[in-house]
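Have a look at input33.cif; it's mmCIF, C-alpha atoms and all ligand atoms:
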data_target
loop_
_atom_site.label_atom_id
_atom_site.label_comp_id
_atom_site.auth_asym_id
_atom_site.auth_seq_id
_atom_site.Cartn_x
_atom_site.Cartn_y
_atom_site.Cartn_z
CA MET A 929 -241.13 -56.82 27.50
CA ARG A 930 -240.24 -60.28 26.25
CA LYS A 931 -243.17 -62.33 24.96
CA LYS A 932 -243.32 -65.70 26.67
CA LEU A 933 -242.83 -68.92 24.70
CA ALA A 934 -244.35 -72.29 25.52
CA ALA A 935 -242.36 -74.84 23.50
CA GLY A 936 -243.15 -78.55 23.43
CA ASN A 937 -240.53 -81.19 22.64
CA TRP A 938 -242.21 -84.42 21.60
CA LYS A 939 -238.82 -86.19 21.38
CA MET A 940 -239.18 -89.65 19.72
CA ASN A 941 -242.90 -89.84 20.41
CA GLY A 942 -245.93 -89.56 18.16
CA LEU A 943 -247.49 -91.17 15.11
CA LYS A 944 -249.82 -89.61 12.54
CA ALA A 945 -252.75 -90.28 14.85
CA SER A 946 -251.16 -87.96 17.44
CA LEU A 947 -251.80 -84.95 15.18
CA THR A 948 -255.32 -84.79 16.60
CA GLU A 949 -253.68 -83.24 19.69
CA ILE A 950 -253.00 -80.11 17.61
CA ALA A 951 -256.67 -79.41 16.92
CA ALA A 952 -257.41 -79.93 20.61
CA LEU A 953 -254.58 -77.59 21.62
CA ALA A 954 -255.68 -74.91 19.16
CA LYS A 955 -259.23 -75.17 20.49
CA ALA A 956 -258.04 -74.83 24.09
CA CYS A 957 -255.78 -71.84 23.31
CA PRO A 958 -257.61 -69.84 20.62
CA ALA A 959 -255.93 -66.46 21.19
CA PRO A 960 -252.85 -66.86 23.35
CA ASN A 961 -250.71 -63.91 24.45
CA CYS A 962 -247.64 -66.13 24.38
CA ASP A 963 -245.94 -67.90 21.46
CA ILE A 964 -246.63 -71.63 21.13
CA LEU A 965 -244.24 -74.04 19.42
CA ILE A 966 -244.39 -77.82 19.10
CA CYS A 967 -241.32 -79.76 17.98
CA PRO A 968 -242.47 -83.19 16.80
CA PRO A 969 -240.30 -85.96 15.35
CA ALA A 970 -239.26 -85.08 11.80
CA THR A 971 -241.71 -87.63 10.34
CA LEU A 972 -244.62 -85.54 11.64
CA LEU A 973 -243.30 -82.09 10.86
CA ALA A 974 -245.03 -81.43 7.52
CA GLY A 975 -248.30 -82.97 8.69
CA MET A 976 -248.19 -80.97 11.89
CA ALA A 977 -247.43 -77.77 9.97
CA ASP A 978 -250.60 -78.44 7.94
CA ALA A 979 -252.58 -79.14 11.10
CA CYS A 980 -251.32 -75.87 12.62
CA SER A 981 -252.23 -73.77 9.60
CA GLY A 982 -254.68 -71.05 10.65
CA THR A 983 -253.83 -71.54 14.35
CA PRO A 984 -251.32 -69.62 16.51
CA ILE A 985 -249.25 -72.81 16.93
CA LYS A 986 -245.88 -72.99 15.20
CA VAL A 987 -243.78 -76.09 14.61
CA GLY A 988 -240.06 -76.77 14.98
CA GLY A 989 -237.39 -79.42 14.55
CA GLN A 990 -235.50 -81.22 17.32
CA ASP A 991 -232.05 -81.16 15.70
CA CYS A 992 -230.43 -80.71 12.30
CA HIS A 993 -227.19 -81.37 10.45
CA ALA A 994 -224.76 -78.48 10.15
CA ALA A 995 -224.59 -78.70 6.35
CA ALA A 996 -227.37 -77.50 4.03
CA SER A 997 -227.32 -80.70 1.92
CA GLY A 998 -225.01 -83.52 0.86
CA ALA A 999 -223.89 -87.07 1.58
CA HIS A 1000 -225.08 -87.43 5.17
CA THR A 1001 -227.31 -90.49 5.27
CA GLY A 1002 -230.10 -90.26 7.80
CA ASP A 1003 -229.57 -86.58 8.58
CA ILE A 1004 -231.83 -83.60 7.97
CA SER A 1005 -230.74 -80.03 7.24
CA ALA A 1006 -232.18 -76.82 8.63
CA SER A 1007 -233.40 -75.80 5.16
CA MET A 1008 -235.29 -79.13 4.91
CA LEU A 1009 -236.93 -78.43 8.26
CA ALA A 1010 -237.86 -74.95 7.02
CA ASP A 1011 -239.24 -76.49 3.81
CA ALA A 1012 -241.43 -78.82 5.91
CA GLY A 1013 -242.85 -75.82 7.78
CA ALA A 1014 -240.55 -75.37 10.79
CA SER A 1015 -239.86 -71.94 12.22
CA ALA A 1016 -237.37 -73.04 14.89
CA VAL A 1017 -234.98 -75.88 15.75
CA ILE A 1018 -233.96 -77.20 19.16
CA LEU A 1019 -230.17 -77.63 19.28
CA GLY A 1020 -227.82 -79.11 21.87
CA HIS A 1021 -230.51 -80.88 23.88
CA SER A 1022 -228.83 -82.87 26.65
CA GLU A 1023 -230.16 -86.09 25.14
CA ARG A 1024 -228.27 -85.29 21.91
CA ARG A 1025 -225.19 -84.29 23.87
CA ALA A 1026 -225.38 -87.61 25.80
CA ASP A 1027 -226.66 -90.00 23.10
CA HIS A 1028 -224.74 -88.58 20.13
CA GLY A 1029 -221.70 -87.02 21.80
CA GLU A 1030 -222.58 -83.53 20.56
CA THR A 1031 -220.23 -80.88 21.86
CA SER A 1032 -220.91 -77.19 22.31
CA ALA A 1033 -218.67 -76.55 19.29
CA ASP A 1034 -220.90 -78.87 17.19
CA VAL A 1035 -223.95 -76.99 18.46
CA ALA A 1036 -222.49 -73.59 17.54
CA VAL A 1037 -221.96 -74.68 13.93
CA LYS A 1038 -225.53 -76.01 13.74
CA VAL A 1039 -226.85 -72.72 15.12
CA VAL A 1040 -225.37 -70.86 12.15
CA SER A 1041 -227.00 -73.32 9.73
CA VAL A 1042 -230.35 -72.75 11.43
CA TRP A 1043 -229.96 -68.98 11.12
CA ASP A 1044 -228.92 -69.37 7.46
CA ALA A 1045 -232.19 -71.21 6.84
CA GLY A 1046 -234.09 -68.28 8.38
CA LEU A 1047 -235.07 -70.20 11.52
CA THR A 1048 -234.76 -69.56 15.24
CA ALA A 1049 -232.27 -71.65 17.22
CA ILE A 1050 -233.37 -72.87 20.64
CA ILE A 1051 -230.03 -73.62 22.28
CA CYS A 1052 -230.14 -75.98 25.28
CA ILE A 1053 -227.64 -75.84 28.12
CA GLY A 1054 -227.67 -77.31 31.61
CA GLU A 1055 -225.65 -79.07 34.27
CA THR A 1056 -225.71 -82.71 35.37
CA LEU A 1057 -226.50 -83.69 38.96
CA GLU A 1058 -222.82 -84.43 39.45
CA ASP A 1059 -221.95 -80.87 38.34
CA ARG A 1060 -224.55 -79.39 40.68
CA ASP A 1061 -223.48 -81.48 43.67
CA ALA A 1062 -219.88 -80.43 43.06
CA GLY A 1063 -220.88 -76.73 43.02
CA ARG A 1064 -220.00 -76.39 39.34
CA THR A 1065 -223.43 -75.37 37.99
CA LEU A 1066 -222.61 -71.79 36.96
CA ASP A 1067 -219.20 -72.77 35.57
CA VAL A 1068 -220.73 -75.49 33.39
CA VAL A 1069 -223.68 -73.38 32.25
CA GLY A 1070 -221.40 -70.39 31.55
CA GLU A 1071 -219.02 -72.54 29.51
CA GLN A 1072 -221.82 -74.16 27.49
CA LEU A 1073 -223.38 -70.76 26.89
CA SER A 1074 -220.21 -69.16 25.58
CA SER A 1075 -219.21 -72.12 23.40
CA SER A 1076 -222.65 -73.10 22.03
CA VAL A 1077 -223.76 -69.58 21.06
CA PRO A 1078 -221.85 -68.07 18.12
CA GLU A 1079 -221.58 -64.41 17.16
CA GLY A 1080 -224.56 -63.11 15.19
CA VAL A 1081 -227.20 -63.57 17.85
CA THR A 1082 -230.35 -61.46 17.79
CA ALA A 1083 -233.38 -61.47 20.05
CA GLU A 1084 -235.35 -62.96 17.14
CA ASN A 1085 -233.00 -65.68 15.91
CA THR A 1086 -232.08 -67.22 19.27
CA VAL A 1087 -233.73 -68.61 22.39
CA ILE A 1088 -231.75 -70.12 25.27
CA ALA A 1089 -233.23 -73.08 27.15
CA TYR A 1090 -231.80 -73.77 30.60
CA GLU A 1091 -232.45 -77.44 31.26
CA PRO A 1092 -230.78 -79.01 34.29
CA VAL A 1093 -230.13 -82.57 33.09
CA TRP A 1094 -231.23 -84.04 36.42
CA ALA A 1095 -234.67 -82.45 36.05
CA ILE A 1096 -235.42 -83.71 32.53
CA GLY A 1097 -238.02 -86.47 32.47
CA THR A 1098 -237.43 -87.23 36.14
CA GLY A 1099 -240.40 -85.44 37.70
CA ARG A 1100 -237.83 -83.60 39.79
CA THR A 1101 -238.07 -79.86 39.15
CA ALA A 1102 -235.45 -77.29 40.09
CA THR A 1103 -236.58 -74.93 42.86
CA THR A 1104 -237.49 -71.41 41.84
CA ALA A 1105 -234.40 -70.19 43.73
CA GLN A 1106 -232.19 -72.52 41.68
CA ILE A 1107 -233.92 -71.48 38.45
CA ALA A 1108 -233.66 -67.75 39.27
CA GLU A 1109 -229.97 -68.04 40.10
CA VAL A 1110 -229.13 -69.65 36.76
CA HIS A 1111 -231.49 -67.53 34.64
CA ASP A 1112 -230.17 -64.29 36.17
CA PHE A 1113 -226.64 -65.54 35.53
CA ILE A 1114 -227.45 -66.34 31.88
CA ARG A 1115 -229.10 -62.92 31.42
CA GLY A 1116 -226.00 -61.21 32.79
CA LYS A 1117 -223.71 -63.18 30.48
CA LEU A 1118 -225.89 -62.41 27.43
CA GLU A 1119 -225.94 -58.69 28.22
CA THR A 1120 -222.19 -58.58 28.77
CA ARG A 1121 -221.41 -60.39 25.54
CA PHE A 1122 -224.10 -59.09 23.17
CA GLY A 1123 -224.97 -55.70 24.69
CA LYS A 1124 -227.84 -54.56 26.86
CA VAL A 1125 -230.51 -54.43 24.14
CA THR A 1126 -229.84 -57.78 22.47
CA GLY A 1127 -228.89 -59.51 25.72
CA ASN A 1128 -232.08 -58.32 27.36
CA GLY A 1129 -234.25 -59.28 24.39
CA ILE A 1130 -233.22 -62.95 24.11
CA ARG A 1131 -235.74 -65.27 25.69
CA ILE A 1132 -234.54 -67.76 28.30
CA LEU A 1133 -236.75 -70.83 28.77
CA TYR A 1134 -236.69 -73.22 31.69
CA GLY A 1135 -236.97 -76.94 30.93
CA GLY A 1136 -237.13 -79.89 33.30
CA SER A 1137 -240.37 -81.57 34.40
CA VAL A 1138 -242.57 -78.52 33.83
CA ASN A 1139 -246.19 -79.60 34.30
CA PRO A 1140 -249.62 -77.97 34.66
CA LYS A 1141 -249.17 -77.75 38.44
CA ASN A 1142 -245.78 -76.04 38.62
CA ALA A 1143 -245.89 -73.92 35.44
CA VAL A 1144 -247.39 -70.75 36.95
CA GLU A 1145 -244.74 -70.57 39.68
CA ILE A 1146 -241.87 -71.35 37.32
CA PHE A 1147 -243.04 -68.87 34.67
CA SER A 1148 -243.23 -66.10 37.30
CA THR A 1149 -239.59 -66.63 38.27
CA SER A 1150 -236.96 -64.01 37.49
CA ASN A 1151 -235.80 -64.05 33.85
CA VAL A 1152 -237.95 -67.07 32.95
CA ASP A 1153 -239.55 -66.34 29.57
CA GLY A 1154 -241.45 -69.59 29.21
CA GLY A 1155 -240.68 -73.27 29.11
CA LEU A 1156 -239.32 -76.10 27.02
CA VAL A 1157 -241.60 -78.97 27.91
CA GLY A 1158 -241.13 -82.67 27.15
CA GLY A 1159 -243.55 -85.19 28.64
CA ALA A 1160 -246.32 -82.72 29.47
CA SER A 1161 -246.42 -81.41 25.89
CA LEU A 1162 -247.67 -84.71 24.47
CA ARG A 1163 -251.24 -84.30 25.69
CA ALA A 1164 -253.10 -81.20 24.51
CA ALA A 1165 -255.04 -80.93 27.78
CA ASP A 1166 -251.83 -80.71 29.84
CA PHE A 1167 -249.94 -78.49 27.42
CA ALA A 1168 -252.89 -76.09 27.12
CA MET A 1169 -252.70 -75.51 30.89
CA ILE A 1170 -248.98 -74.79 30.55
CA VAL A 1171 -249.68 -72.38 27.69
CA ASN A 1172 -252.28 -70.65 29.85
CA ALA A 1173 -249.72 -70.36 32.64
CA ALA A 1174 -247.42 -68.53 30.23
CA ASP A 1175 -250.18 -66.19 29.05
C1 LIG B 1201 -237.09 -81.72 27.52
O1 LIG B 1201 -237.07 -82.75 26.87
O2 LIG B 1201 -236.57 -80.72 27.04
C2 LIG B 1201 -237.75 -81.72 28.82
C3 LIG B 1201 -237.65 -80.65 29.57
O3 LIG B 1201 -238.43 -82.85 29.18
P1 LIG B 1201 -239.44 -83.02 30.44
O4 LIG B 1201 -240.37 -81.83 30.42
O5 LIG B 1201 -240.15 -84.29 30.18
O6 LIG B 1201 -238.61 -83.03 31.68
#

Could the structure of this file be written out as structure tokens, please?
Amino acid sequence: MRKKLAAGNWKMNGLKASLTEIAALAKACPAPNCDILICPPATLLAGMADACSGTPIKVGGQDCHAAASGAHTGDISASMLADAGASAVILGHSERRADHGETSADVAVKVVSVWDAGLTAIICIGETLEDRDAGRTLDVVGEQLSSSVPEGVTAENTVIAYEPVWAIGTGRTATTAQIAEVHDFIRGKLETRFGKVTGNGIRILYGGSVNPKNAVEIFSTSNVDGGLVGGASLRAADFAMIVNAAD
């Protein structure tokens, strides 16, 4: 049985004052059966790790550089994120692929740096609307999966997040049939490449306009092991309902 994971991606949102949401979230979810992760902007990571101390909530980064240290102005390494209290790092989010031109090959190198720092990599993949309309969804997702995920995967060090680009921040959610088709496909690919035990143990999250109203249905869909949640993770009251849906 895979334990569900409710992961929040705050993106470029949140100031120190937003850390009060953590106490509210911890109060609303005192003993969850699922894992809870919040990935704030890097400026809030250490403060959020402190705020989460003694709660079941873990914190993560939203990206990292592939190198452990060096002359890379403005970048942050996986070991720095770990030092600030992170236990996981989101990699290959479609906004990074679009805004920063990150390729799946770039993502694969970053994944190794995250593992080397002892953290879990949450690897994002997903098709654009153009891909879906052209019937290329499984080809695109399959290609991103094989090129973004390097050898060395375990059920503990890796989570896959299927995030159709057209559903992110749009309020437009994929249907459960669309989600099941892609999640079943990803599960099959993971089992073929990494073996039945590892492939079956890796969690696959759905991301794309998950909210308190649709979370129960989405989290009951085949091979959905939780969610990667953007907008609805910013308010503790909303995210707590999503966490409860994953419980
Ligand atoms: C995301 O940023 O990963 C995401 C899924 O965003 P939203 O929930 O806002 O669609």

At a cut-off of 7 Å, can you tabulate as CSV every residue of chain A near ligand LIG 1201 (chain B) together with its closest atom pair and the distance in Å to one decimal, using only C-alpha atoms and all ligand atoms and ordering rows by chain then number?
residue,atom,partner,partner_atom,distance
A:Asn937,CA,B:LIG1201,O1,5.7
A:Lys939,CA,B:LIG1201,O1,6.7
A:His1021,CA,B:LIG1201,O2,6.8
A:Glu1091,CA,B:LIG1201,C3,6.3
A:Ala1095,CA,B:LIG1201,O6,5.9
A:Ile1096,CA,B:LIG1201,O6,3.4
A:Gly1097,CA,B:LIG1201,O6,3.6
A:Thr1098,CA,B:LIG1201,O6,6.2
A:Gly1099,CA,B:LIG1201,O6,6.7
A:Gly1135,CA,B:LIG1201,C3,4.0
A:Gly1136,CA,B:LIG1201,O6,3.8
A:Ser1137,CA,B:LIG1201,O6,3.6
A:Val1138,CA,B:LIG1201,O4,5.2
A:Leu1156,CA,B:LIG1201,O2,5.4
A:Val1157,CA,B:LIG1201,O4,4.0
A:Gly1158,CA,B:LIG1201,O3,3.4
A:Gly1159,CA,B:LIG1201,O5,3.8
A:Ala1160,CA,B:LIG1201,O4,6.1

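Between atom CA of A:Thr1065 and atom CA of A:Pro1092 lies a distance of 9.0 Å.
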
- Task: Between A:Ala1016, A:Cys980, A:Cys967, A:Ala994, single out the one closest to A:Ala1033, counting all atoms listed in the file.
- Result: A:Ala994

Using all atoms of stretch 929-932 of chain A listed in the file and a margin of 3 Å per side, can you give the axis-aligned box centre and edge lengths in Å to one decimal, as JSON?
{"center_x": -241.8, "center_y": -61.3, "center_z": 26.2, "size_x": 9.1, "size_y": 14.9, "size_z": 8.5}

- Item | For atom CA of A:Thr1048 and atom CA of A:Val1087, the interatomic separation in Å (one decimal) |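 Separation between atom CA of A:Thr1048 and atom CA of A:Val1087: 7.3 Å.
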
- Write out as a PyMOL selection string the residues lying within 12 Å of A:Gly936, counting all atoms listed in the file and excluding same-chain residues fewer than 6 positions away. chain A and resi 950+953+963-969+985-990+1016-1018+1050+1089+1133-1139+1154-1164+1166-1168+1170-1171

Would you list the residues near (-225.8, -77.7, 24.4), meaning any protein, DNA or RNA residue with an atom at most 8 Å from that point in file coordinates, counting only C-alpha atoms, as a PDB file with C-alpha atoms, in the coordinates of the input?
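Written file, out_9.pdb:
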ATOM      1  CA  LEU A1019    -230.170 -77.630  19.280  1.00  0.00           C
ATOM      2  CA  GLY A1020    -227.820 -79.110  21.870  1.00  0.00           C
ATOM      3  CA  HIS A1021    -230.510 -80.880  23.880  1.00  0.00           C
ATOM      4  CA  SER A1022    -228.830 -82.870  26.650  1.00  0.00           C
ATOM      5  CA  ARG A1025    -225.190 -84.290  23.870  1.00  0.00           C
ATOM      6  CA  GLU A1030    -222.580 -83.530  20.560  1.00  0.00           C
ATOM      7  CA  THR A1031    -220.230 -80.880  21.860  1.00  0.00           C
ATOM      8  CA  SER A1032    -220.910 -77.190  22.310  1.00  0.00           C
ATOM      9  CA  VAL A1035    -223.950 -76.990  18.460  1.00  0.00           C
ATOM     10  CA  ILE A1051    -230.030 -73.620  22.280  1.00  0.00           C
ATOM     11  CA  CYS A1052    -230.140 -75.980  25.280  1.00  0.00           C
ATOM     12  CA  ILE A1053    -227.640 -75.840  28.120  1.00  0.00           C
ATOM     13  CA  GLY A1054    -227.670 -77.310  31.610  1.00  0.00           C
ATOM     14  CA  GLN A1072    -221.820 -74.160  27.490  1.00  0.00           C
ATOM     15  CA  LEU A1073    -223.380 -70.760  26.890  1.00  0.00           C
ATOM     16  CA  SER A1076    -222.650 -73.100  22.030  1.00  0.00           C
TER      17      SER A1076
END

- Tell me, as a list in words, which residues lie within 9 Å of A:Thr983, counting all atoms listed in the file; anything in the same chain fewer than 3 positions away does not count.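 The residues satisfying every condition are Ala951, Ala954, Lys955, Pro958, Ala959, Ala979, Cys980 and Lys986 of chain A.
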
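Shortest atom-to-atom contact with A:Trp938 among A:Ile1130, A:Ala1012, A:Ala970, A:Ile1146: A:Ala970, counting all atoms listed in the file.
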